[in-house]
Structure formats: structure tokens, C-alpha cells
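**Q** Once you've had a glance at the structure underneath, I'll fire off some questions.
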Amino acid sequence: MASEAGAQRWDAIVVGCGAIGASTSYNLARRGLRVLTLERFGLNHELGSSHGKTRIIRLAYYEDSRYVPLLRRAFDSWRELESKSGKVLLELTGGLMMGKPEGELVTGVLGSAKAHGIPHRVLTSSEVDDEFEAFTIGEDMCAVHEESAGILFPEECIRAFVDGAREAGCEVRFGEKMNRWRSSESGIEIESSNGTLTTDRLILCAGAWNSSFLGNLLPLQCERQVPFWFSSNGQKCFTPQEMPVFIFEDGPSKFFYGIPDVGHGTKVARTHGGEIGEPDNMRREVTEEDLAPVKGFVEHRLPMLKGPPIASTTCLYTNTPDLNFAVGMHPDDPRVTVISACSGHGFKFASVLGEVAADFATERKTKYDLSFLEVERFRRRSSS
Ligand SMILES: Cc1cc2nc3c(=O)[nH]c(=O)nc-3n(C[C@H](O)[C@H](O)[C@H](O)COP(=O)(O)OP(=O)(O)OC[C@H]3O[C@@H](n4cnc5c(N)ncnc54)[C@H](O)[C@@H]3O)c2cc1C
């Protein structure tokens, strides 16, 4: 299937080599296409959305149960990548979703679990206290425990995709930036920091930078996030054997999450509520102001985590207005595929979204029902 044209013409160019671009490159190259991947920074750099040592994966999706079929496939694909790469990419710990019984999190998880027959247990606050020493939850709260949840190791996942893509013939260029793209009858022309390239297919996986290539197609908003790591001081209750990954709804629109200590401390963060800005100008230093809400949460809900954080990082969410992904062909040119999969929850899907991106790029359709993630939905809404 490889292109017969000259060296600068490609069957597919993937822009971005974070979680989504790396998986897309892997999937396209394994289908026999001649693929070039452009990444403006280095492998596993810390300026985008895919770094930070750990990510949560779970199945009973409170955000929207329509994600569950994709998640089932994502779990299988992560396991396939593990066996192909010989690396540990996913560790199951179970997941604990805590909050008021009538809250968005608990009702959403239960709705999803019931709709898709996902095994789960509902625990009272005292059952949580008895079983999971790390947490203190309110008497008016409960928890849903899901066995299948766990931790992905993002840097390892991306490295495994890149290695696999290269093995299948993909050329991955770090330190090369796409400046602009243009459709023409004969192909898609790309001007990169290294010259002009032509491709039959373009797949935009540029995370928070996607908006600069999409005009008014997607109203994307880039949000700064700051996760922290706290010393577990050798306490067993923070190990992955005893502590599940968790999400905690600690009040209306106040969601925190955490990941047990896999060697770097226990990770805790607030989700959303961060500064909005441009990805190239985002504030990278971490201040006491960033720490305050997380510190308050830890003191209240994880009181055995003592002392100041031992590490932190800044990371970017790329939000759509409804916080669902935008995935599919560009409405103005079906040779261009757009994968904007973040809104704070995209990593776990990377393994399946690479397959979906390859489906759109090669067949202009996919077997998955992604109607709720259509890229054109916001443009249509704003013009109606
Ligand atoms: C703090 C934090 C915690 C998270 N926790 C979870 C979680 O627990 N579970 C979960 O499922 N998801 C989680 N997410 C979301 C998830 O990590 C993201 O959805 C996912 O990593 C997005 O990957 P991406 O490839 O779209 O973006 P990125 O990783 O940012 O990749 C985009 C890449 O494109 C490159 N690029 C941009 N412009 C150009 C250009 N012009 N030319 C060439 N290259 C370019 C960038 O340098 C970048 O490397 C979290 C996100 C954050 C920030």
C-alpha cells in the first residue's frame, strides 16, 4: 500500500506524538502505510498532556456510558501492546468512586455499570473505612468499587507505541513542527519546520495545539492542571495492593482523584478548576495557590498522608464545551482526521483511538458508534 511517489510524499502524516499520535502512528504503520510522524518536542516531553508517570483506567464510566464499548476495546488493546512490547503497561488495582449517593459521580458510575453489566460493589462509608484504611469519607457518602480499574504507565505506553510503529516502518521525527497544512486536489501539503511535505492523509493529534490548525471547527479550551505526589512514608495502605485508584466528588463540581504509590509517592490532584490559557504561554511554575485545594482535600480525606508534597508537575487539559472528545474526519476534507481526545480523560482511550484514527484515515468509517463524538457538532450548534 506504500506510496510510489518521491521521498517527501507519504501515505499518512501524523502530527503529534503524545498518547494519541503515538497510537495512531502504530496502528497506521501496522496496516502497511508509509507513515511519517512529526513531534515538535522530544519523546515523553513534559509540556503537553501525556506525561506524569501514571493515568487511571476504568470501565464503569460516570461521564457517559456510551464510552464503555470503546473502553472494553481499549483494555484489550493495552494488553495486546503489553504482550507485543514485553513491557508492563497496565496494573489493575480496582477503582473506588466516592461521593454522595445522589451525586454525579456515584449515580453516573452506577448507571454505566448497570447499563453494561459491569461487576461492582456499593459500599457504605463504614465499609470503606474497614476495607480501605487510606480513606476517610463522610457518613453521608458512599462508594462504588470496580474491580477492573487500574493504572496505566503513560511514558512506557508511548514508548511501546513508538517502538512498535518504527518496527512497522514508521518514520518518527522529534523536534519537527508542522507550521500549517493546506488541502489541494493532489494531496495535503504540509509546511514543517524542516520543509514541505505532501501526504494522502493527515491525522491531527496535536492535543492542546490542535485548535491552531482547525479554524473555528472546534471551540477547544486549554486548561492548566497540577497533580502532586505525597510521601507515603512506607505505609502499606497506600500501596497498589491495598489502595485502589480513586475519584472523589467532594462537593458540587469538586472532583479529586488519586493513584496509589507505585514508587514515586501517592498522587493526588483536583480535576478541572485550573487556569485557562494558550498552551505555549501556560504558567509552568507551581505555587502555594495550586497546592491549597489539594492540601485541604488530603488533610480531610487522606489524613495519613502527612507532610508537604514531594513532587508536582503542570499538565494540560484540552476541553470541548461538553467535555466529550471530538473524533472523526474533518468536515471540509475527509482526508484529514481529527482526534481531540482529552477534556481530562483521554489517555485510557489512546489504544483504541489509534485504531479509530486509522479506520477513518484508511476507510473513512469505523465500526464503533462515535456519533456522540462527531467533530462537527459544535459548528452545527453555533450556526443553528
Ligand atoms: C494532569 C492530568 C491527568 C490526567 N489523568 C488522566 C487519567 O487518569 N486517565 C485518563 O484517561 N486521562 C487522563 N488525562 C488526560 C490524558 O492524559 C490526555 O487526554 C491525553 O494524554 C491526551 O493525549 P494527546 O496525544 O491528545 O495530547 P499530547 O500528549 O499533548 O500530545 C500532543 C502532541 O502534539 C505535539 N504537537 C503539537 N503541535 C505540534 C505541531 N505543530 N507539530 C508537531 N507536533 C505538535 C505536542 O508537542 C504533543 O506532544 C490527564 C491529563 C492531565 C493533564
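Residues in the C-alpha cells are named by chain (A, B, ... in the order shown) and by number from 1 within that chain; ligands are numbered from 1 in the order shown.
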Just list as a VMD selection string whatever in range 107-265 of chain A DSSP marks as alpha helix (DSSP H).
**A** chain A and resid 107 to 116 125 to 131 154 to 167
**Q** Smallest atom-to-atom distance to ligand 1: which of A:Arg381, A:Arg73, A:His51, A:Arg40, using only C-alpha atoms and all ligand atoms?
**A** A:Arg40
**Q** Can you pull out every residue within 10 Å of range 160-174 of chain A, counting only C-alpha atoms, but drop anything in the same chain fewer than 6 positions away, and send it as a VMD selection string?
**A** chain A and resid 12 to 14 16 to 43 81 to 82 84 to 87 89 154 351 354
**Q** Which one of A:Glu242, A:Glu189, A:Asp280, A:Glu139 sits closest to Arg335 in chain A if you count only C-alpha atoms?
**A**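 Smallest separation from Arg335 in chain A among the options: A:Glu189.
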**Q** What separation in Å, quoted to one decimal, exists between CA of Glu363 in chain A and CA of Leu220 in chain A?
**A**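 It comes out at 26.7 Å.
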**Q** Show me, as a PyMOL selection string, the residues that have an atom within 8 Å of range 367-380 of chain A when counting only C-alpha atoms, minus same-chain residues fewer than 4 positions from it.
**A** chain A and resi 69-70+216-219+324-331+338+356+384
**Q** Give me the residues near range 226-239 of chain A as a ChimeraX atom specification, where near means some atom within 7 Å (using only C-alpha atoms) and where sequence neighbours in that chain fewer than 4 positions away do not count.
**A** /A:133-134,243,260-262,265-269,290,305,308-315
**Q** Could you dump the residues just selected with N, CA and C atoms as a PDB file, in the first residue's frame?
**A**
ATOM      1  N   GLU A 133      -8.038   1.523  54.401  1.00  0.00           N
ATOM      2  CA  GLU A 133      -7.544   2.328  55.520  1.00  0.00           C
ATOM      3  C   GLU A 133      -7.151   3.747  55.105  1.00  0.00           C
ATOM      4  N   ALA A 134      -6.745   3.914  53.844  1.00  0.00           N
ATOM      5  CA  ALA A 134      -6.224   5.215  53.411  1.00  0.00           C
ATOM      6  C   ALA A 134      -7.273   6.325  53.459  1.00  0.00           C
ATOM      7  N   MET A 243      -4.563  -0.026  48.061  1.00  0.00           N
ATOM      8  CA  MET A 243      -5.304   1.201  47.734  1.00  0.00           C
ATOM      9  C   MET A 243      -5.706   1.194  46.261  1.00  0.00           C
ATOM     10  N   PRO A 260      -2.403   5.143  43.777  1.00  0.00           N
ATOM     11  CA  PRO A 260      -1.522   4.658  44.840  1.00  0.00           C
ATOM     12  C   PRO A 260      -0.051   4.801  44.494  1.00  0.00           C
ATOM     13  N   ASP A 261       0.763   4.564  45.487  1.00  0.00           N
ATOM     14  CA  ASP A 261       2.213   4.770  45.371  1.00  0.00           C
ATOM     15  C   ASP A 261       2.849   3.612  44.598  1.00  0.00           C
ATOM     16  N   VAL A 262       3.268   3.900  43.368  1.00  0.00           N
ATOM     17  CA  VAL A 262       3.957   2.861  42.581  1.00  0.00           C
ATOM     18  C   VAL A 262       5.451   3.156  42.531  1.00  0.00           C
ATOM     19  N   GLY A 265       5.542   8.066  45.282  1.00  0.00           N
ATOM     20  CA  GLY A 265       4.637   8.724  46.218  1.00  0.00           C
ATOM     21  C   GLY A 265       3.197   8.535  45.758  1.00  0.00           C
ATOM     22  N   THR A 266       2.275   8.916  46.628  1.00  0.00           N
ATOM     23  CA  THR A 266       0.844   8.805  46.291  1.00  0.00           C
ATOM     24  C   THR A 266       0.438  10.067  45.534  1.00  0.00           C
ATOM     25  N   LYS A 267      -0.177   9.861  44.377  1.00  0.00           N
ATOM     26  CA  LYS A 267      -0.520  11.005  43.513  1.00  0.00           C
ATOM     27  C   LYS A 267      -1.940  11.487  43.835  1.00  0.00           C
ATOM     28  N   VAL A 268      -2.087  12.784  44.019  1.00  0.00           N
ATOM     29  CA  VAL A 268      -3.412  13.359  44.296  1.00  0.00           C
ATOM     30  C   VAL A 268      -3.543  14.661  43.509  1.00  0.00           C
ATOM     31  N   ALA A 269      -4.723  14.876  42.940  1.00  0.00           N
ATOM     32  CA  ALA A 269      -4.937  16.116  42.180  1.00  0.00           C
ATOM     33  C   ALA A 269      -6.407  16.487  42.196  1.00  0.00           C
ATOM     34  N   ASP A 290      -1.738  26.705  43.969  1.00  0.00           N
ATOM     35  CA  ASP A 290      -2.076  25.444  43.298  1.00  0.00           C
ATOM     36  C   ASP A 290      -2.281  24.334  44.322  1.00  0.00           C
ATOM     37  N   LEU A 305      -1.658  10.684  54.935  1.00  0.00           N
ATOM     38  CA  LEU A 305      -0.593  11.231  54.074  1.00  0.00           C
ATOM     39  C   LEU A 305      -0.097  12.509  54.720  1.00  0.00           C
ATOM     40  N   PRO A 308       4.443  17.862  53.366  1.00  0.00           N
ATOM     41  CA  PRO A 308       4.236  18.574  52.099  1.00  0.00           C
ATOM     42  C   PRO A 308       4.450  17.640  50.908  1.00  0.00           C
ATOM     43  N   PRO A 309       3.986  18.042  49.724  1.00  0.00           N
ATOM     44  CA  PRO A 309       4.200  17.171  48.560  1.00  0.00           C
ATOM     45  C   PRO A 309       5.685  17.028  48.244  1.00  0.00           C
ATOM     46  N   ILE A 310       6.038  15.895  47.664  1.00  0.00           N
ATOM     47  CA  ILE A 310       7.441  15.671  47.313  1.00  0.00           C
ATOM     48  C   ILE A 310       7.699  15.974  45.833  1.00  0.00           C
ATOM     49  N   ALA A 311       6.649  16.120  45.050  1.00  0.00           N
ATOM     50  CA  ALA A 311       6.811  16.443  43.616  1.00  0.00           C
ATOM     51  C   ALA A 311       5.501  16.986  43.067  1.00  0.00           C
ATOM     52  N   SER A 312       5.610  17.651  41.939  1.00  0.00           N
ATOM     53  CA  SER A 312       4.415  18.155  41.237  1.00  0.00           C
ATOM     54  C   SER A 312       4.802  18.372  39.783  1.00  0.00           C
ATOM     55  N   THR A 313       3.797  18.566  38.946  1.00  0.00           N
ATOM     56  CA  THR A 313       4.071  18.916  37.554  1.00  0.00           C
ATOM     57  C   THR A 313       2.892  19.735  37.032  1.00  0.00           C
ATOM     58  N   THR A 314       3.088  20.401  35.905  1.00  0.00           N
ATOM     59  CA  THR A 314       1.937  21.029  35.249  1.00  0.00           C
ATOM     60  C   THR A 314       1.631  20.245  33.983  1.00  0.00           C
ATOM     61  N   CYS A 315       0.375  20.178  33.659  1.00  0.00           N
ATOM     62  CA  CYS A 315      -0.095  19.347  32.551  1.00  0.00           C
ATOM     63  C   CYS A 315      -1.319  20.033  31.952  1.00  0.00           C
TER      64      CYS A 315
END
